[in-house]
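K.L.:
mmCIF, N, CA, C and O atoms and all ligand atoms, file model_29.cif:
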data_start
#
loop_
_atom_site.label_atom_id
_atom_site.label_comp_id
_atom_site.auth_asym_id
_atom_site.auth_seq_id
_atom_site.Cartn_x
_atom_site.Cartn_y
_atom_site.Cartn_z
N MET A 12 44.01 131.03 122.02
CA MET A 12 42.90 130.23 121.47
C MET A 12 43.36 129.49 120.22
O MET A 12 44.09 130.05 119.42
N PRO A 13 42.96 128.25 120.09
CA PRO A 13 43.37 127.48 118.91
C PRO A 13 42.62 127.90 117.65
O PRO A 13 41.51 128.42 117.72
N THR A 14 43.29 127.65 116.54
CA THR A 14 42.68 127.92 115.23
C THR A 14 42.15 126.61 114.67
O THR A 14 42.85 125.60 114.65
N TYR A 15 40.92 126.61 114.25
CA TYR A 15 40.32 125.43 113.63
C TYR A 15 40.03 125.72 112.17
O TYR A 15 39.72 126.84 111.80
N VAL A 16 40.15 124.68 111.38
CA VAL A 16 39.78 124.80 109.97
C VAL A 16 38.45 124.09 109.76
O VAL A 16 38.27 122.95 110.19
N TYR A 17 37.56 124.80 109.16
CA TYR A 17 36.25 124.23 108.84
C TYR A 17 36.11 124.10 107.33
O TYR A 17 36.69 124.89 106.56
N ALA A 18 35.36 123.12 106.92
CA ALA A 18 35.07 122.94 105.50
C ALA A 18 33.57 122.80 105.31
O ALA A 18 32.89 122.15 106.12
N HIS A 19 33.07 123.43 104.28
CA HIS A 19 31.65 123.24 103.94
C HIS A 19 31.46 121.79 103.50
O HIS A 19 32.30 121.23 102.81
N LYS A 20 30.34 121.21 103.89
CA LYS A 20 30.08 119.83 103.49
C LYS A 20 29.73 119.74 102.02
O LYS A 20 29.99 118.73 101.37
N ASP A 21 29.13 120.77 101.49
CA ASP A 21 28.81 120.80 100.06
C ASP A 21 29.58 121.94 99.42
O ASP A 21 29.78 122.98 100.03
N GLN A 22 29.99 121.73 98.21
CA GLN A 22 30.60 122.83 97.47
C GLN A 22 29.53 123.89 97.27
O GLN A 22 28.40 123.59 96.93
N ASN A 23 29.87 125.11 97.52
CA ASN A 23 28.92 126.19 97.30
C ASN A 23 29.68 127.47 97.01
O ASN A 23 30.91 127.47 96.92
N SER A 24 28.96 128.53 96.86
CA SER A 24 29.58 129.79 96.50
C SER A 24 29.71 130.71 97.72
O SER A 24 29.57 131.90 97.61
N CYS A 25 29.98 130.12 98.87
CA CYS A 25 30.10 130.92 100.09
C CYS A 25 31.24 131.92 99.97
O CYS A 25 32.29 131.61 99.41
N GLN A 26 31.02 133.09 100.54
CA GLN A 26 32.04 134.15 100.48
C GLN A 26 33.31 133.77 101.24
O GLN A 26 34.37 134.35 101.01
N LEU A 27 33.22 132.83 102.16
CA LEU A 27 34.39 132.44 102.94
C LEU A 27 35.23 131.40 102.21
O LEU A 27 36.30 131.04 102.65
N GLY A 28 34.74 130.89 101.08
CA GLY A 28 35.45 129.84 100.37
C GLY A 28 35.05 128.47 100.89
O GLY A 28 34.29 128.36 101.86
N SER A 29 35.55 127.41 100.26
CA SER A 29 35.14 126.07 100.68
C SER A 29 35.70 125.73 102.05
O SER A 29 35.09 124.99 102.82
N GLU A 30 36.89 126.27 102.37
CA GLU A 30 37.48 126.07 103.70
C GLU A 30 37.85 127.42 104.28
O GLU A 30 38.25 128.31 103.55
N PHE A 31 37.75 127.53 105.58
CA PHE A 31 38.12 128.77 106.24
C PHE A 31 38.53 128.47 107.67
O PHE A 31 38.30 127.37 108.17
N GLU A 32 39.19 129.42 108.31
CA GLU A 32 39.68 129.22 109.66
C GLU A 32 38.84 130.00 110.65
O GLU A 32 38.40 131.11 110.36
N VAL A 33 38.66 129.44 111.82
CA VAL A 33 38.00 130.15 112.91
C VAL A 33 38.84 129.96 114.16
O VAL A 33 39.21 128.83 114.49
N VAL A 34 39.19 131.06 114.83
CA VAL A 34 39.85 130.98 116.12
C VAL A 34 38.77 131.04 117.18
O VAL A 34 38.00 131.99 117.23
N GLN A 35 38.69 129.99 117.99
CA GLN A 35 37.64 129.96 119.00
C GLN A 35 38.15 129.28 120.26
O GLN A 35 39.12 128.51 120.21
N PRO A 36 37.52 129.55 121.40
CA PRO A 36 37.98 128.92 122.65
C PRO A 36 37.91 127.40 122.54
O PRO A 36 37.00 126.86 121.92
N ILE A 37 38.87 126.73 123.19
CA ILE A 37 38.96 125.27 123.06
C ILE A 37 37.74 124.61 123.67
O ILE A 37 37.35 123.50 123.28
N LYS A 38 37.09 125.28 124.63
CA LYS A 38 35.91 124.68 125.27
C LYS A 38 34.66 124.79 124.40
O LYS A 38 33.66 124.16 124.69
N ASP A 39 34.72 125.63 123.38
CA ASP A 39 33.56 125.77 122.50
C ASP A 39 33.32 124.50 121.69
O ASP A 39 34.26 123.81 121.30
N ASN A 40 32.06 124.22 121.45
CA ASN A 40 31.74 123.10 120.57
C ASN A 40 32.09 123.48 119.14
O ASN A 40 32.13 124.67 118.79
N ALA A 41 32.32 122.48 118.32
CA ALA A 41 32.55 122.73 116.90
C ALA A 41 31.33 123.41 116.30
O ALA A 41 30.19 123.08 116.64
N LEU A 42 31.60 124.37 115.41
CA LEU A 42 30.49 125.03 114.73
C LEU A 42 29.83 124.02 113.80
O LEU A 42 30.49 123.17 113.19
N LYS A 43 28.52 124.12 113.72
CA LYS A 43 27.77 123.22 112.84
C LYS A 43 27.34 123.93 111.56
O LYS A 43 27.09 123.30 110.54
N LYS A 44 27.22 125.25 111.70
CA LYS A 44 26.76 126.03 110.55
C LYS A 44 27.76 127.13 110.25
O LYS A 44 28.38 127.70 111.15
N CYS A 45 27.93 127.41 108.97
CA CYS A 45 28.82 128.48 108.55
C CYS A 45 28.29 129.82 109.07
O CYS A 45 27.11 130.11 108.91
N PRO A 46 29.19 130.63 109.70
CA PRO A 46 28.73 131.94 110.18
C PRO A 46 28.36 132.89 109.05
O PRO A 46 27.71 133.89 109.27
N SER A 47 28.79 132.57 107.83
CA SER A 47 28.46 133.44 106.70
C SER A 47 27.19 133.01 105.99
O SER A 47 26.23 133.76 105.89
N CYS A 48 27.17 131.77 105.49
CA CYS A 48 26.04 131.36 104.66
C CYS A 48 25.04 130.47 105.42
O CYS A 48 23.95 130.21 104.93
N GLY A 49 25.43 130.00 106.60
CA GLY A 49 24.50 129.21 107.41
C GLY A 49 24.36 127.77 106.97
O GLY A 49 23.55 127.03 107.52
N LYS A 50 25.18 127.34 105.99
CA LYS A 50 25.10 125.95 105.53
C LYS A 50 25.96 125.06 106.42
O LYS A 50 26.78 125.52 107.20
N ALA A 51 25.75 123.75 106.28
CA ALA A 51 26.43 122.78 107.14
C ALA A 51 27.94 122.80 106.90
O ALA A 51 28.40 122.81 105.76
N ILE A 52 28.70 122.80 108.00
CA ILE A 52 30.16 122.73 107.91
C ILE A 52 30.66 121.66 108.86
O ILE A 52 29.93 121.23 109.76
N GLU A 53 31.90 121.22 108.66
CA GLU A 53 32.49 120.28 109.59
C GLU A 53 33.90 120.74 109.93
O GLU A 53 34.59 121.33 109.12
N ARG A 54 34.31 120.46 111.17
CA ARG A 54 35.64 120.85 111.62
C ARG A 54 36.62 119.78 111.17
O ARG A 54 36.40 118.59 111.40
N LEU A 55 37.69 120.19 110.54
CA LEU A 55 38.70 119.24 110.09
C LEU A 55 39.58 118.86 111.27
O LEU A 55 39.97 119.70 112.07
N ILE A 56 39.87 117.57 111.40
CA ILE A 56 40.60 117.09 112.56
C ILE A 56 42.06 117.52 112.51
O ILE A 56 42.63 117.93 113.49
N PHE A 57 42.65 117.48 111.33
CA PHE A 57 44.03 117.94 111.19
C PHE A 57 44.03 119.19 110.32
O PHE A 57 44.01 119.09 109.10
N PRO A 58 44.05 120.34 110.96
CA PRO A 58 44.00 121.57 110.16
C PRO A 58 45.20 121.67 109.22
O PRO A 58 46.34 121.62 109.68
N PRO A 59 44.96 121.74 107.92
CA PRO A 59 46.07 121.75 106.96
C PRO A 59 47.05 122.90 107.19
O PRO A 59 48.24 122.72 106.98
N MET A 60 46.57 124.04 107.63
CA MET A 60 47.47 125.18 107.78
C MET A 60 48.44 124.98 108.93
O MET A 60 49.49 125.60 108.98
N SER A 61 48.09 124.15 109.92
CA SER A 61 48.98 123.99 111.05
C SER A 61 50.03 122.91 110.78
O SER A 61 51.03 122.82 111.47
N ILE A 62 49.81 122.08 109.77
CA ILE A 62 50.79 121.06 109.42
C ILE A 62 51.94 121.71 108.64
O ILE A 62 53.10 121.41 108.86
N LYS A 63 51.59 122.61 107.76
CA LYS A 63 52.62 123.37 107.06
C LYS A 63 53.25 124.37 108.04
O LYS A 63 52.82 124.48 109.17
N SER A 64 54.25 125.10 107.57
CA SER A 64 54.88 126.09 108.44
C SER A 64 53.85 127.13 108.85
O SER A 64 52.95 127.45 108.08
N PRO A 65 53.98 127.63 110.07
CA PRO A 65 53.00 128.61 110.55
C PRO A 65 52.96 129.84 109.65
O PRO A 65 53.98 130.30 109.17
N LYS A 66 51.79 130.34 109.44
CA LYS A 66 51.62 131.49 108.57
C LYS A 66 51.04 132.65 109.38
O LYS A 66 50.17 132.47 110.21
N SER A 67 51.54 133.83 109.07
CA SER A 67 50.99 135.01 109.73
C SER A 67 49.67 135.39 109.07
O SER A 67 49.34 134.90 107.99
N ASP A 68 48.96 136.30 109.73
CA ASP A 68 47.69 136.73 109.17
C ASP A 68 47.88 137.36 107.79
O ASP A 68 47.06 137.18 106.90
N SER A 69 48.98 138.10 107.61
CA SER A 69 49.18 138.75 106.31
C SER A 69 49.52 137.72 105.24
O SER A 69 49.16 137.88 104.08
N ASP A 70 50.23 136.64 105.62
CA ASP A 70 50.47 135.55 104.66
C ASP A 70 49.16 134.93 104.23
O ASP A 70 48.93 134.67 103.05
N LEU A 71 48.30 134.69 105.21
CA LEU A 71 47.00 134.09 104.91
C LEU A 71 46.22 134.99 103.96
O LEU A 71 45.59 134.53 103.02
N LYS A 72 46.28 136.30 104.25
CA LYS A 72 45.57 137.26 103.42
C LYS A 72 46.07 137.18 101.97
O LYS A 72 45.28 137.18 101.03
N GLY A 73 47.40 137.06 101.83
CA GLY A 73 47.98 136.97 100.49
C GLY A 73 47.54 135.73 99.75
O GLY A 73 47.46 135.72 98.53
N LEU A 74 47.25 134.68 100.50
CA LEU A 74 46.80 133.43 99.90
C LEU A 74 45.30 133.45 99.61
O LEU A 74 44.75 132.50 99.09
N GLY A 75 44.65 134.55 100.01
CA GLY A 75 43.21 134.64 99.81
C GLY A 75 42.43 133.88 100.85
O GLY A 75 41.24 133.62 100.70
N PHE A 76 43.12 133.51 101.92
CA PHE A 76 42.48 132.75 102.99
C PHE A 76 41.75 133.72 103.92
O PHE A 76 42.24 134.79 104.20
N THR A 77 40.60 133.32 104.37
CA THR A 77 39.86 134.13 105.34
C THR A 77 40.04 133.54 106.72
O THR A 77 39.92 132.34 106.91
N LYS A 78 40.39 134.39 107.67
CA LYS A 78 40.54 133.91 109.05
C LYS A 78 39.64 134.74 109.96
O LYS A 78 39.71 135.95 109.97
N LEU A 79 38.81 134.05 110.69
CA LEU A 79 37.89 134.71 111.62
C LEU A 79 38.31 134.40 113.04
O LEU A 79 38.70 133.29 113.35
N VAL A 80 38.25 135.40 113.90
CA VAL A 80 38.53 135.21 115.31
C VAL A 80 37.24 135.46 116.08
O VAL A 80 36.65 136.53 115.99
N LYS A 81 36.82 134.45 116.82
CA LYS A 81 35.56 134.58 117.54
C LYS A 81 35.71 135.60 118.67
O LYS A 81 36.61 135.51 119.49
N LYS A 82 34.82 136.59 118.70
CA LYS A 82 34.86 137.62 119.73
C LYS A 82 33.74 137.45 120.73
O LYS A 82 33.87 137.77 121.89
N ASP A 83 32.61 137.04 120.25
CA ASP A 83 31.42 136.98 121.08
C ASP A 83 30.46 136.02 120.39
O ASP A 83 30.75 135.52 119.31
N ASN A 84 29.32 135.82 120.97
CA ASN A 84 28.34 134.95 120.34
C ASN A 84 27.93 135.50 118.98
O ASN A 84 27.34 136.56 118.90
N GLY A 85 28.29 134.80 117.93
CA GLY A 85 27.89 135.24 116.59
C GLY A 85 28.67 136.42 116.06
O GLY A 85 28.34 136.95 115.02
N VAL A 86 29.72 136.85 116.77
CA VAL A 86 30.53 137.98 116.31
C VAL A 86 31.96 137.50 116.10
O VAL A 86 32.56 136.91 116.98
N TYR A 87 32.48 137.77 114.90
CA TYR A 87 33.82 137.32 114.55
C TYR A 87 34.61 138.49 114.02
O TYR A 87 34.08 139.35 113.34
N GLU A 88 35.91 138.52 114.32
CA GLU A 88 36.77 139.52 113.71
C GLU A 88 37.45 138.90 112.51
O GLU A 88 38.04 137.83 112.61
N ASN A 89 37.32 139.57 111.37
CA ASN A 89 37.99 139.11 110.16
C ASN A 89 39.40 139.68 110.16
O ASN A 89 39.62 140.81 109.73
N VAL A 90 40.38 138.90 110.64
CA VAL A 90 41.75 139.43 110.79
C VAL A 90 42.47 139.50 109.46
O VAL A 90 43.56 140.04 109.37
N THR A 91 41.89 138.95 108.41
CA THR A 91 42.48 139.05 107.08
C THR A 91 41.74 140.08 106.23
O THR A 91 41.90 140.11 105.03
N ALA A 92 40.93 140.91 106.87
CA ALA A 92 40.17 141.92 106.13
C ALA A 92 41.12 142.91 105.46
O ALA A 92 42.19 143.22 105.98
N SER A 93 40.74 143.38 104.30
CA SER A 93 41.55 144.38 103.61
C SER A 93 40.65 145.47 103.06
O SER A 93 39.45 145.25 102.85
N GLY A 94 41.23 146.62 102.82
CA GLY A 94 40.51 147.71 102.18
C GLY A 94 39.25 148.10 102.94
O GLY A 94 39.29 148.39 104.13
N SER A 95 38.13 148.06 102.25
CA SER A 95 36.87 148.53 102.83
C SER A 95 36.14 147.43 103.57
O SER A 95 35.03 147.63 104.03
N GLU A 96 36.75 146.26 103.68
CA GLU A 96 36.08 145.17 104.37
C GLU A 96 35.87 145.50 105.83
O GLU A 96 36.72 146.11 106.48
N SER A 97 34.75 145.04 106.35
CA SER A 97 34.46 145.22 107.76
C SER A 97 35.36 144.29 108.57
O SER A 97 35.53 143.12 108.24
N LYS A 98 35.97 144.81 109.62
CA LYS A 98 36.81 143.97 110.48
C LYS A 98 35.96 143.07 111.35
O LYS A 98 36.31 141.94 111.61
N LEU A 99 34.88 143.63 111.82
CA LEU A 99 33.99 142.84 112.66
C LEU A 99 32.91 142.24 111.79
O LEU A 99 32.28 142.91 110.99
N PHE A 100 32.72 140.96 111.96
CA PHE A 100 31.84 140.19 111.11
C PHE A 100 30.77 139.59 112.01
O PHE A 100 31.07 138.77 112.85
N LYS A 101 29.56 140.07 111.85
CA LYS A 101 28.47 139.55 112.67
C LYS A 101 27.64 138.58 111.83
O LYS A 101 27.30 138.87 110.69
N ALA A 102 27.38 137.44 112.41
CA ALA A 102 26.68 136.38 111.67
C ALA A 102 25.33 136.85 111.16
O ALA A 102 24.86 136.39 110.13
N ASP A 103 24.71 137.80 111.87
CA ASP A 103 23.37 138.22 111.45
C ASP A 103 23.37 139.56 110.72
O ASP A 103 22.33 140.16 110.53
N ASP A 104 24.57 140.02 110.32
CA ASP A 104 24.64 141.31 109.62
C ASP A 104 25.34 141.13 108.28
O ASP A 104 26.56 141.10 108.21
N PRO A 105 24.58 140.98 107.20
CA PRO A 105 25.17 140.68 105.88
C PRO A 105 26.14 141.76 105.41
O PRO A 105 27.06 141.47 104.66
N SER A 106 25.97 143.01 105.87
CA SER A 106 26.83 144.08 105.39
C SER A 106 28.25 143.94 105.92
O SER A 106 29.18 144.57 105.42
N SER A 107 28.46 143.12 106.96
CA SER A 107 29.79 142.98 107.54
C SER A 107 30.54 141.77 106.97
O SER A 107 31.63 141.45 107.39
N MET A 108 29.96 141.11 105.97
CA MET A 108 30.59 139.93 105.39
C MET A 108 31.89 140.28 104.67
O MET A 108 32.01 141.34 104.08
N PRO A 109 32.86 139.35 104.69
CA PRO A 109 34.09 139.58 103.94
C PRO A 109 33.80 139.71 102.45
O PRO A 109 32.93 139.03 101.92
N HIS A 110 34.55 140.58 101.80
CA HIS A 110 34.35 140.81 100.37
C HIS A 110 35.34 139.98 99.57
O HIS A 110 36.28 140.49 99.00
N LEU A 111 35.11 138.69 99.56
CA LEU A 111 36.08 137.80 98.93
C LEU A 111 36.15 138.01 97.42
O LEU A 111 37.22 137.94 96.83
N HIS A 112 35.04 138.30 96.80
CA HIS A 112 35.04 138.47 95.35
C HIS A 112 35.93 139.64 94.96
O HIS A 112 36.68 139.57 94.01
N LYS A 113 35.85 140.70 95.76
CA LYS A 113 36.67 141.88 95.49
C LYS A 113 38.15 141.52 95.60
O LYS A 113 38.97 141.95 94.82
N LYS A 114 38.48 140.71 96.61
CA LYS A 114 39.87 140.33 96.85
C LYS A 114 40.44 139.56 95.67
O LYS A 114 41.56 139.79 95.24
N ILE A 115 39.65 138.65 95.11
CA ILE A 115 40.11 137.86 93.98
C ILE A 115 40.38 138.76 92.78
O ILE A 115 41.30 138.52 92.02
N GLY A 116 39.58 139.81 92.66
CA GLY A 116 39.74 140.72 91.54
C GLY A 116 40.93 141.64 91.62
O GLY A 116 41.30 142.27 90.64
N ASP A 117 41.57 141.72 92.79
CA ASP A 117 42.70 142.65 92.97
C ASP A 117 43.84 142.34 92.03
O ASP A 117 44.18 141.20 91.85
ZN ZN A 201 29.57 129.43 104.16
#
Could you render the structure from this file as structure tokens?
P.N.:
Amino acid sequence: MPTYVYAHKDQNSCQLGSEFEVVQPIKDNALKKCPSCGKAIERLIFPPMSIKSPKSDSDLKGLGFTKLVKKDNGVYENVTASGSESKLFKADDPSSMPHLHKKIGD
């Protein structure tokens, strides 16, 4: 499955950051709303991470990047989760959100 980079249309304090990656089936439509905060997002046509050298999930984690892999409708696996973070991230379950603030504080 391809990795897409999404960007929030407005700067905000979303836990996923202003840009984040989602791995989703190529036949899926572009997401319109952030799975975390529900605000408007847009898919970037040229994902910046794919232009640079390929990065592993642990590299992304080190950069503070959040990568979600779509598992099911509204269910994403946070492959860059660390520590007590939930690996499975459900759009309708706030307790499974990535703990980005904690990561920055490390
Ligand atoms: Zn968001």
K.L.:
Rounded to one decimal, what separation in Å do you get between atom CA of Pro46 of chain A and atom CA of Ala102 of chain A?
P.N.:
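Calculated distance between atom CA of Pro46 of chain A and atom CA of Ala102 of chain A is 5.1 Å.
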K.L.:
Which residue gives the smallest distance to ligand ZN 201 (chain A) among A:Val34, A:Val16, A:Ile52, A:Leu42, with only C-alpha atoms and all ligand atoms counted?
P.N.:
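Looking at the shortest contact to ligand ZN 201 (chain A), the residue is A:Ile52.
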K.L.:
One number please: atom O of His19 of chain A to atom C of Ser95 of chain A, in Å, one decimal.
P.N.:
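So the answer is 26.5 Å.
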K.L.:
Nearest to ligand ZN 201 (chain A) among A:Leu79, A:Ala18, A:Val90, A:Leu71, with distances taken over only N, CA, C and O atoms and all ligand atoms: which residue is it?
P.N.:
A:Ala18
K.L.:
What residues of the protein or nucleic acid chains come within 8 Å of ligand ZN 201 (chain A) when you use only N, CA, C and O atoms and all ligand atoms? Reply as a list of chain:residue names.
P.N.:
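Using only N, CA, C and O atoms and all ligand atoms, I find these residues within 8 Å of ligand ZN 201 (chain A): A:Ala18, A:His19, A:Asp21, A:Asn23, A:Ser24, A:Cys25, A:Gln26, A:Leu27, A:Gly28, A:Ser29, A:Lys44, A:Cys45, A:Pro46, A:Ser47, A:Cys48, A:Gly49, A:Lys50, A:Ala51, A:Ile52.
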K.L.:
Got a sec to check which residues sit within 5 Å of (33.7, 138.5, 112.9), counting all atoms listed in the file, and write them as a VMD selection string?
P.N.:
chain A and resid 80 86 to 89 98 to 101
K.L.:
Could you write out, as a list in words, all the residues of chain A that DSSP marks as alpha helix (DSSP H)?
P.N.:
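So, restricting chain A to alpha helix (DSSP H), we get Pro59, Met60, Ser61, Ile62, Asp68, Ser69, Asp70, Leu71, Lys72, Gly73, Leu111, His112, Lys113, Lys114, Ile115 and Gly116 of chain A.
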K.L.:
My list of candidates is A:Ala92, A:Asp83, A:Ile56, A:Lys38. Which is closest to Asp68 of chain A when distances are computed with all atoms listed in the file?
P.N.:
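Distance minimum relative to Asp68 of chain A lands on A:Ala92.
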K.L.:
Go through A:Asp104, A:Asp70, A:Pro13, A:Phe76 and flag the residue nearest Pro36 of chain A, using all atoms listed in the file for the distances.
P.N.:
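Looking only at the distances to Pro36 of chain A, the closest residue turns out to be A:Pro13.
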K.L.:
Would you mind reading off the distance between atom CA of Gly73 of chain A and atom CA of Thr91 of chain A, one decimal, in Å?
P.N.:
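Computed distance, atom CA of Gly73 of chain A to atom CA of Thr91 of chain A, equals 8.8 Å.
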K.L.:
When you count all atoms listed in the file, which of these residues is closest to Lys78 of chain A: A:Asp39, A:Asp103, A:Glu96, A:Glu32?
P.N.:
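Selected residue with least distance to Lys78 of chain A: A:Glu32.
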K.L.:
From a backbone DSSP assignment, name each residue in chain A labelled strand (DSSP E or B), as JSON, numbers by chain.
P.N.:
{"A": [14, 15, 16, 17, 18, 19, 30, 31, 32, 33, 34, 44, 51, 52, 53, 54, 78, 79, 80, 81, 82, 83, 86, 87, 88, 89, 99, 100, 101]}
K.L.:
Using all atoms listed in the file, which residue out of A:Tyr17, A:Ser93, A:Asn84, A:Ser106 lies closest to Leu55 of chain A?
P.N.:
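Checking each of A:Tyr17, A:Ser93, A:Asn84, A:Ser106 against Leu55 of chain A, counting all atoms listed in the file, the winner is A:Tyr17.
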